[in-house]
There are 2 protein chains.
Amino acid sequence: MREPTFFVLASLADGRKHGYGIIKDAEELSDGRIHLKVGTLYAALDRLQSEGLVVAAGDEVVAGRLRRYFELTEDGASTLQAESERQALNARRANDRLKKRAARVALKPVIAR
Amino acid sequence: MREPTFFVLASLADGRKHGYGIIKDAEELSDGRIHLKVGTLYAALDRLQSEGLVVAAGDEVVAGRLRRYFELTEDGASTLQAESERQALNARRANDRLKKRAARVALKPVIAR
DNA sequence: TGTAATAGTACGATAGTCGATATATATTGT
DNA sequence: ACAATATATATCGACTATCGTACTATTACA
């Protein structure tokens with residue numbers, strides 16, 4: 001799963017939201033790092049719905065504008081959970097290696113002298 | 001950065017390796033979850049070289065077979081570091097939300113009674 | 001009055017991965 | 001002796017998520 005999709009699910013884990021709301025929320029959740037493109041978002045929502053990870057949760061018209069609401073399914077929540085654990089583990093593994101590497105490269109110049 | 005590329009860097013963080021060695025190492029590092037496809041690997045190595053994250057580190061012939069070795073640059077190491085931190089943070093954020101969500105859905109049936 | 005923010009739709013381009021095919025040698029099993 | 005598996009790299013078309021941009025439309029604010 002790629003980062004934009006991950007943030008769509010993570011955003012919806014907070015509760016029912018509409019498309020534009022997801023964009024704003026994901027931006028906040030990622031400290032401004034992620035700005036979901038509209039094309040990416042609605043494509044992702046369509047795909048996630050067809051996969052059963054997200055369901056449409058009513059259309060509303062607020063201030064003359066259509067809002068399409070979505071919410072996470074239990075499947076969506078457990079998929080996000082699994083994805084989150086996978087990423088945390090990958091990060092830990094990479095970090096272990098980087099630490100060992102740092103120890104190695106710190107040693108090298110001393111030997112070379 | 002996508003998972004296969006991440007594992008190419010993580011594998012090389014361990015030290016100098018050749019293509020096939022990276023595939024085997026990534027498999028081990030990920031507890032068998034990741035099996036890098038050859039197409040993906042060599043495309044990734046070319047790309048990472050052109051980005052300066054990886055450098056060619058000598059060709060050798062071992063037991064009649066050519067081995068093309070690669071190693072991580074300092075840029076590659078810090079890119080992997082940044083990527084690893086990003087993923088760990090994303091995972092933490094998603095997890096926080098999932099915990100809150102679990103608390104919410106655990107409450108709902110009680111109210112409904 | 002026009003600019004920013006809100007909200008959604010549409011679509012071509014790009015990039016990374018997948019899956020398959022090819023080539024070649026070494027090792028292991030029957 | 002022969003087949004299967006492991007080692008090792010190269011290449012290429014297909015797929016798909018994302019990007020980037022343009023478009024429509026309303027409301028709020030300066």
# chains A, B, ... in the order shown; residues from 1 in each chain; ligands from 1
$ select_by_dssp --residues "chain B" --states "strand (DSSP E or B)" --output "number ranges by chain"
B: 17-18, 54-62, 65-72
$ interface_residues --of "chain A" --to "chain B" --cutoff "10 Å" --atoms "only C-alpha atoms" --output "ChimeraX atom specification"
/A:1-3,6-7,9-15,29-30,33,74,77-78,80-102,104-105
$ calpha_fit_rmsd --fixed "chain A" --moving "chain B"
0.2 Å
$ interface_residues --of "chain B" --to "chain D" --cutoff "8 Å" --atoms "only C-alpha atoms (C1' of nucleotides)" --output "list of chain:residue names"
B:Gly19, B:Tyr20, B:Arg65, B:Leu66, B:Arg67
$ write_last_selection --atoms "N, CA and C atoms" --output "mmCIF file, in the first residue's frame"
data_model
loop_
_atom_site.group_PDB
_atom_site.id
_atom_site.type_symbol
_atom_site.label_atom_id
_atom_site.label_comp_id
_atom_site.auth_asym_id
_atom_site.auth_seq_id
_atom_site.Cartn_x
_atom_site.Cartn_y
_atom_site.Cartn_z
ATOM 1 N N GLY B 19 23.602 -8.442 -6.788
ATOM 2 C CA GLY B 19 22.167 -8.508 -7.050
ATOM 3 C C GLY B 19 21.449 -9.668 -6.404
ATOM 4 N N TYR B 20 21.886 -10.859 -6.732
ATOM 5 C CA TYR B 20 21.234 -12.056 -6.204
ATOM 6 C C TYR B 20 21.330 -12.100 -4.680
ATOM 7 N N ARG B 65 30.574 -17.627 -12.488
ATOM 8 C CA ARG B 65 29.430 -16.704 -12.654
ATOM 9 C C ARG B 65 29.818 -15.277 -12.306
ATOM 10 N N LEU B 66 29.292 -14.347 -13.115
ATOM 11 C CA LEU B 66 29.550 -12.933 -12.873
ATOM 12 C C LEU B 66 28.747 -12.437 -11.679
ATOM 13 N N ARG B 67 29.421 -11.655 -10.846
ATOM 14 C CA ARG B 67 28.726 -10.970 -9.757
ATOM 15 C C ARG B 67 28.981 -9.484 -9.870
#
$ residues_around --residues "region 36-53 of chain B" --least-positions-apart "3" --cutoff "7 Å" --atoms "only C-alpha atoms (C1' of nucleotides)" --output "list in words"
Pro4, Thr5, Ile23, Leu72, Thr73, Asp75 and Gly76 of chain B; DT17 of chain C
$ write_last_selection --atoms "C-alpha atoms (C1' of nucleotides)" --output "tab-separated table (two decimals), in the first residue's frame"
chain	number	residue	atom	x	y	z
B	4	PRO	CA	10.98	-3.21	-2.85
B	5	THR	CA	13.21	-0.14	-3.15
B	23	ILE	CA	17.31	-10.77	-3.17
B	72	LEU	CA	25.20	2.19	-0.21
B	73	THR	CA	26.46	5.78	-0.39
B	75	ASP	CA	23.30	9.75	0.67
B	76	GLY	CA	21.70	6.35	0.40
C	17	DT	C1'	6.54	-2.98	-9.90
$ closest_residue --among "A:His35, A:Lys17, A:Lys108, A:Arg68" --to "chain C" --atoms "only C-alpha atoms (C1' of nucleotides)"
A:Arg68
$ closest_atom_pairs --of "chain C" --to "chain B" --cutoff "12 Å" --atoms "only C-alpha atoms (C1' of nucleotides)" --output "Markdown table"
| residue | atom | partner | partner_atom | distance |
| --- | --- | --- | --- | --- |
| C:DA15 | C1' | B:Arg47 | CA | 10.9 |
| C:DG16 | C1' | B:Arg2 | CA | 7.8 |
| C:DT17 | C1' | B:Thr40 | CA | 6.1 |
| C:DC18 | C1' | B:Lys37 | CA | 7.6 |
| C:DG19 | C1' | B:Lys37 | CA | 8.7 |
| C:DA20 | C1' | B:Gly39 | CA | 10.0 |
| C:DT21 | C1' | B:Gly39 | CA | 11.4 |
| C:DT23 | C1' | B:Arg65 | CA | 12.0 |
| C:DA24 | C1' | B:Arg65 | CA | 8.3 |
| C:DT25 | C1' | B:Gly64 | CA | 6.4 |
| C:DA26 | C1' | B:Ala63 | CA | 7.5 |
| C:DT27 | C1' | B:Ala63 | CA | 11.3 |
$ write_last_selection --atoms "N, CA and C atoms (P, O5', C5', C4', C3', O3' and C1' of nucleotides)" --output "compact mmCIF listing (two decimals), in the first residue's frame"
# COMPACT_ATOMS: atom_id res chain seq x y z
P DA C 15 8.90 9.87 -14.95
O5' DA C 15 8.73 8.86 -13.73
C5' DA C 15 7.82 9.17 -12.67
C4' DA C 15 7.68 7.95 -11.79
C3' DA C 15 8.90 7.04 -11.83
O3' DA C 15 9.12 6.55 -10.52
C1' DA C 15 7.01 5.84 -12.57
P DG C 16 10.53 5.81 -10.14
O5' DG C 16 9.99 4.45 -9.51
C5' DG C 16 8.99 4.51 -8.49
C4' DG C 16 8.32 3.16 -8.38
C3' DG C 16 9.31 1.99 -8.28
O3' DG C 16 8.92 1.18 -7.17
C1' DG C 16 7.76 1.64 -10.05
P DT C 17 9.74 -0.13 -6.71
O5' DT C 17 8.76 -1.27 -7.26
C5' DT C 17 7.38 -1.22 -6.89
C4' DT C 17 6.59 -2.23 -7.71
C3' DT C 17 7.17 -3.65 -7.68
O3' DT C 17 6.21 -4.51 -7.06
C1' DT C 17 6.54 -2.98 -9.90
P DC C 18 6.47 -6.11 -6.91
O5' DC C 18 5.82 -6.69 -8.25
C5' DC C 18 4.50 -6.29 -8.61
C4' DC C 18 4.05 -7.02 -9.86
C3' DC C 18 4.41 -8.50 -9.90
O3' DC C 18 3.25 -9.22 -10.27
C1' DC C 18 5.18 -7.40 -11.86
P DG C 19 3.09 -10.81 -9.98
O5' DG C 19 3.29 -11.41 -11.45
C5' DG C 19 2.74 -10.74 -12.58
C4' DG C 19 3.35 -11.30 -13.84
C3' DG C 19 3.89 -12.73 -13.73
O3' DG C 19 3.36 -13.48 -14.80
C1' DG C 19 5.53 -11.30 -14.65
P DA C 20 3.64 -15.08 -14.93
O5' DA C 20 4.50 -15.10 -16.27
C5' DA C 20 4.22 -14.15 -17.30
C4' DA C 20 5.40 -14.08 -18.25
C3' DA C 20 6.14 -15.41 -18.44
O3' DA C 20 6.03 -15.80 -19.81
C1' DA C 20 7.66 -13.59 -18.08
P DT C 21 6.73 -17.17 -20.34
O5' DT C 21 8.08 -16.61 -21.00
C5' DT C 21 8.05 -15.49 -21.89
C4' DT C 21 9.47 -15.15 -22.29
C3' DT C 21 10.33 -16.40 -22.53
O3' DT C 21 10.93 -16.33 -23.82
C1' DT C 21 11.42 -14.90 -21.05
P DT C 23 17.96 -17.84 -25.48
O5' DT C 23 19.26 -17.66 -24.57
C5' DT C 23 19.87 -16.37 -24.42
C4' DT C 23 20.95 -16.45 -23.36
C3' DT C 23 21.70 -17.79 -23.36
O3' DT C 23 23.08 -17.58 -23.63
C1' DT C 23 21.04 -17.18 -21.17
P DA C 24 24.03 -18.90 -23.92
O5' DA C 24 24.66 -19.22 -22.50
C5' DA C 24 25.27 -18.18 -21.74
C4' DA C 24 25.65 -18.72 -20.38
C3' DA C 24 26.05 -20.20 -20.42
O3' DA C 24 27.39 -20.32 -19.98
C1' DA C 24 24.57 -19.72 -18.62
P DT C 25 28.17 -21.75 -19.97
O5' DT C 25 28.38 -22.00 -18.41
C5' DT C 25 28.95 -20.96 -17.61
C4' DT C 25 28.72 -21.30 -16.15
C3' DT C 25 29.21 -22.72 -15.77
O3' DT C 25 30.11 -22.61 -14.68
C1' DT C 25 26.99 -22.33 -15.00
P DA C 26 30.84 -23.92 -14.03
O5' DA C 26 29.93 -24.20 -12.76
C5' DA C 26 29.76 -23.17 -11.78
C4' DA C 26 29.01 -23.74 -10.58
C3' DA C 26 29.50 -25.12 -10.12
O3' DA C 26 29.65 -25.08 -8.70
C1' DA C 26 27.17 -25.20 -10.63
P DT C 27 30.10 -26.42 -7.85
O5' DT C 27 28.71 -26.99 -7.32
C5' DT C 27 27.79 -26.12 -6.64
C4' DT C 27 26.52 -26.88 -6.32
C3' DT C 27 26.74 -28.26 -5.69
O3' DT C 27 25.97 -28.34 -4.50
C1' DT C 27 25.23 -28.42 -7.51
$ select_by_dssp --residues "chain B" --states "helix (DSSP H, G or I)" --output "ChimeraX atom specification"
/B:3-12,19-29,38-50,74-112
$ atom_distance --atom1 "CA of Phe70 (chain A)" --atom2 "CA of His18 (chain A)"
5.9 Å
$ residues_around --residues "Gly58 (chain A)" --least-positions-apart "2" --cutoff "7 Å" --atoms "only C-alpha atoms (C1' of nucleotides)" --output "list of chain:residue names"
A:Ala56, A:Glu60, A:Arg68, A:Tyr69
$ write_last_selection --atoms "C-alpha atoms" --output "tab-separated table (two decimals), in the first residue's frame"
chain	number	residue	atom	x	y	z
A	56	ALA	CA	-20.10	5.25	1.17
A	60	GLU	CA	-25.22	15.54	1.85
A	68	ARG	CA	-19.86	12.49	-0.37
A	69	TYR	CA	-19.25	10.81	2.98
$ decode --residues "region 3-107 of chain A" --atoms "C-alpha atoms" --output "PDB file, in the first residue's frame"
ATOM      1  CA  GLU A   3       1.381   6.458   1.285  1.00  0.00           C
ATOM      2  CA  PRO A   4      -1.680   8.333  -0.070  1.00  0.00           C
ATOM      3  CA  THR A   5      -3.902   5.262   0.321  1.00  0.00           C
ATOM      4  CA  PHE A   6      -2.515   4.661   3.792  1.00  0.00           C
ATOM      5  CA  PHE A   7      -3.468   8.183   4.820  1.00  0.00           C
ATOM      6  CA  VAL A   8      -6.957   7.859   3.379  1.00  0.00           C
ATOM      7  CA  LEU A   9      -7.533   4.855   5.639  1.00  0.00           C
ATOM      8  CA  ALA A  10      -5.818   6.495   8.602  1.00  0.00           C
ATOM      9  CA  SER A  11      -7.961   9.570   8.162  1.00  0.00           C
ATOM     10  CA  LEU A  12     -11.164   7.537   8.057  1.00  0.00           C
ATOM     11  CA  ALA A  13     -10.077   5.620  11.161  1.00  0.00           C
ATOM     12  CA  ASP A  14     -10.968   8.856  12.944  1.00  0.00           C
ATOM     13  CA  GLY A  15     -14.579   8.517  11.808  1.00  0.00           C
ATOM     14  CA  ARG A  16     -16.942   9.346   8.952  1.00  0.00           C
ATOM     15  CA  LYS A  17     -15.593  11.991   6.592  1.00  0.00           C
ATOM     16  CA  HIS A  18     -16.211  13.453   3.138  1.00  0.00           C
ATOM     17  CA  GLY A  19     -13.575  13.648   0.398  1.00  0.00           C
ATOM     18  CA  TYR A  20     -12.358  17.147   0.928  1.00  0.00           C
ATOM     19  CA  GLY A  21     -12.398  16.588   4.692  1.00  0.00           C
ATOM     20  CA  ILE A  22     -10.059  13.637   4.233  1.00  0.00           C
ATOM     21  CA  ILE A  23      -7.590  15.840   2.355  1.00  0.00           C
ATOM     22  CA  LYS A  24      -7.529  18.394   5.179  1.00  0.00           C
ATOM     23  CA  ASP A  25      -7.356  15.763   7.888  1.00  0.00           C
ATOM     24  CA  ALA A  26      -4.546  13.812   6.223  1.00  0.00           C
ATOM     25  CA  GLU A  27      -2.589  17.040   5.921  1.00  0.00           C
ATOM     26  CA  GLU A  28      -2.976  17.690   9.642  1.00  0.00           C
ATOM     27  CA  LEU A  29      -2.309  14.079  10.610  1.00  0.00           C
ATOM     28  CA  SER A  30       0.961  14.141   8.682  1.00  0.00           C
ATOM     29  CA  ASP A  31       2.079  17.537  10.010  1.00  0.00           C
ATOM     30  CA  GLY A  32       1.569  19.037   6.562  1.00  0.00           C
ATOM     31  CA  ARG A  33       3.768  16.482   4.798  1.00  0.00           C
ATOM     32  CA  ILE A  34       0.937  14.874   2.824  1.00  0.00           C
ATOM     33  CA  HIS A  35      -1.250  16.835   0.482  1.00  0.00           C
ATOM     34  CA  LEU A  36      -3.539  14.335  -1.219  1.00  0.00           C
ATOM     35  CA  LYS A  37      -4.257  15.222  -4.828  1.00  0.00           C
ATOM     36  CA  VAL A  38      -7.929  15.172  -5.685  1.00  0.00           C
ATOM     37  CA  GLY A  39      -7.390  12.681  -8.486  1.00  0.00           C
ATOM     38  CA  THR A  40      -5.508  10.356  -6.170  1.00  0.00           C
ATOM     39  CA  LEU A  41      -8.109  10.659  -3.427  1.00  0.00           C
ATOM     40  CA  TYR A  42     -11.251   9.839  -5.380  1.00  0.00           C
ATOM     41  CA  ALA A  43      -9.502   7.085  -7.332  1.00  0.00           C
ATOM     42  CA  ALA A  44      -8.356   5.623  -4.008  1.00  0.00           C
ATOM     43  CA  LEU A  45     -11.830   5.890  -2.493  1.00  0.00           C
ATOM     44  CA  ASP A  46     -13.390   4.113  -5.488  1.00  0.00           C
ATOM     45  CA  ARG A  47     -10.783   1.381  -5.282  1.00  0.00           C
ATOM     46  CA  LEU A  48     -11.060   0.996  -1.501  1.00  0.00           C
ATOM     47  CA  GLN A  49     -14.830   0.743  -1.792  1.00  0.00           C
ATOM     48  CA  SER A  50     -14.573  -1.991  -4.398  1.00  0.00           C
ATOM     49  CA  GLU A  51     -12.175  -3.802  -2.040  1.00  0.00           C
ATOM     50  CA  GLY A  52     -14.618  -3.409   0.845  1.00  0.00           C
ATOM     51  CA  LEU A  53     -12.231  -1.408   3.030  1.00  0.00           C
ATOM     52  CA  VAL A  54     -14.353   1.715   2.838  1.00  0.00           C
ATOM     53  CA  VAL A  55     -18.086   2.273   2.391  1.00  0.00           C
ATOM     54  CA  ALA A  56     -20.098   5.246   1.166  1.00  0.00           C
ATOM     55  CA  ALA A  57     -21.803   6.772   4.184  1.00  0.00           C
ATOM     56  CA  GLY A  58     -24.338   9.136   2.663  1.00  0.00           C
ATOM     57  CA  ASP A  59     -24.326  12.169   0.413  1.00  0.00           C
ATOM     58  CA  GLU A  60     -25.224  15.537   1.854  1.00  0.00           C
ATOM     59  CA  VAL A  61     -25.621  18.998   0.418  1.00  0.00           C
ATOM     60  CA  VAL A  62     -24.044  21.576   2.717  1.00  0.00           C
ATOM     61  CA  ALA A  63     -24.040  25.242   1.716  1.00  0.00           C
ATOM     62  CA  GLY A  64     -25.031  24.316  -1.838  1.00  0.00           C
ATOM     63  CA  ARG A  65     -22.117  21.913  -2.251  1.00  0.00           C
ATOM     64  CA  LEU A  66     -22.320  18.164  -2.482  1.00  0.00           C
ATOM     65  CA  ARG A  67     -20.489  16.181   0.146  1.00  0.00           C
ATOM     66  CA  ARG A  68     -19.862  12.486  -0.366  1.00  0.00           C
ATOM     67  CA  TYR A  69     -19.251  10.814   2.977  1.00  0.00           C
ATOM     68  CA  PHE A  70     -17.210   7.674   3.552  1.00  0.00           C
ATOM     69  CA  GLU A  71     -16.371   5.461   6.474  1.00  0.00           C
ATOM     70  CA  LEU A  72     -13.977   2.643   7.302  1.00  0.00           C
ATOM     71  CA  THR A  73     -15.242  -0.926   7.416  1.00  0.00           C
ATOM     72  CA  GLU A  74     -13.958  -3.456   9.949  1.00  0.00           C
ATOM     73  CA  ASP A  75     -11.966  -4.923   7.065  1.00  0.00           C
ATOM     74  CA  GLY A  76     -10.532  -1.493   6.374  1.00  0.00           C
ATOM     75  CA  ALA A  77      -9.555  -1.071  10.008  1.00  0.00           C
ATOM     76  CA  SER A  78      -7.794  -4.419  10.205  1.00  0.00           C
ATOM     77  CA  THR A  79      -6.058  -3.818   6.872  1.00  0.00           C
ATOM     78  CA  LEU A  80      -4.772  -0.500   8.180  1.00  0.00           C
ATOM     79  CA  GLN A  81      -3.680  -2.214  11.363  1.00  0.00           C
ATOM     80  CA  ALA A  82      -1.738  -4.847   9.448  1.00  0.00           C
ATOM     81  CA  GLU A  83      -0.193  -2.230   7.191  1.00  0.00           C
ATOM     82  CA  SER A  84       0.802  -0.115  10.147  1.00  0.00           C
ATOM     83  CA  GLU A  85       2.476  -3.044  11.885  1.00  0.00           C
ATOM     84  CA  ARG A  86       4.286  -4.011   8.713  1.00  0.00           C
ATOM     85  CA  GLN A  87       5.685  -0.514   8.300  1.00  0.00           C
ATOM     86  CA  ALA A  88       6.719  -0.260  11.918  1.00  0.00           C
ATOM     87  CA  LEU A  89       8.564  -3.565  11.619  1.00  0.00           C
ATOM     88  CA  ASN A  90      10.267  -2.577   8.350  1.00  0.00           C
ATOM     89  CA  ALA A  91      11.368   0.687   9.917  1.00  0.00           C
ATOM     90  CA  ARG A  92      12.779  -1.136  12.941  1.00  0.00           C
ATOM     91  CA  ARG A  93      14.712  -3.576  10.762  1.00  0.00           C
ATOM     92  CA  ALA A  94      16.181  -0.793   8.627  1.00  0.00           C
ATOM     93  CA  ASN A  95      17.090   1.160  11.712  1.00  0.00           C
ATOM     94  CA  ASP A  96      18.956  -1.762  13.265  1.00  0.00           C
ATOM     95  CA  ARG A  97      21.076  -2.054  10.150  1.00  0.00           C
ATOM     96  CA  LEU A  98      21.709   1.682   9.949  1.00  0.00           C
ATOM     97  CA  LYS A  99      22.928   1.669  13.542  1.00  0.00           C
ATOM     98  CA  LYS A 100      25.360  -1.145  12.858  1.00  0.00           C
ATOM     99  CA  ARG A 101      26.483   0.621   9.703  1.00  0.00           C
ATOM    100  CA  ALA A 102      27.078   3.865  11.604  1.00  0.00           C
ATOM    101  CA  ALA A 103      29.261   1.931  14.049  1.00  0.00           C
ATOM    102  CA  ARG A 104      31.224   0.458  11.135  1.00  0.00           C
ATOM    103  CA  VAL A 105      31.832   3.725   9.276  1.00  0.00           C
ATOM    104  CA  ALA A 106      32.780   5.467  12.515  1.00  0.00           C
ATOM    105  CA  LEU A 107      35.448   2.843  13.041  1.00  0.00           C
TER     106      LEU A 107
END
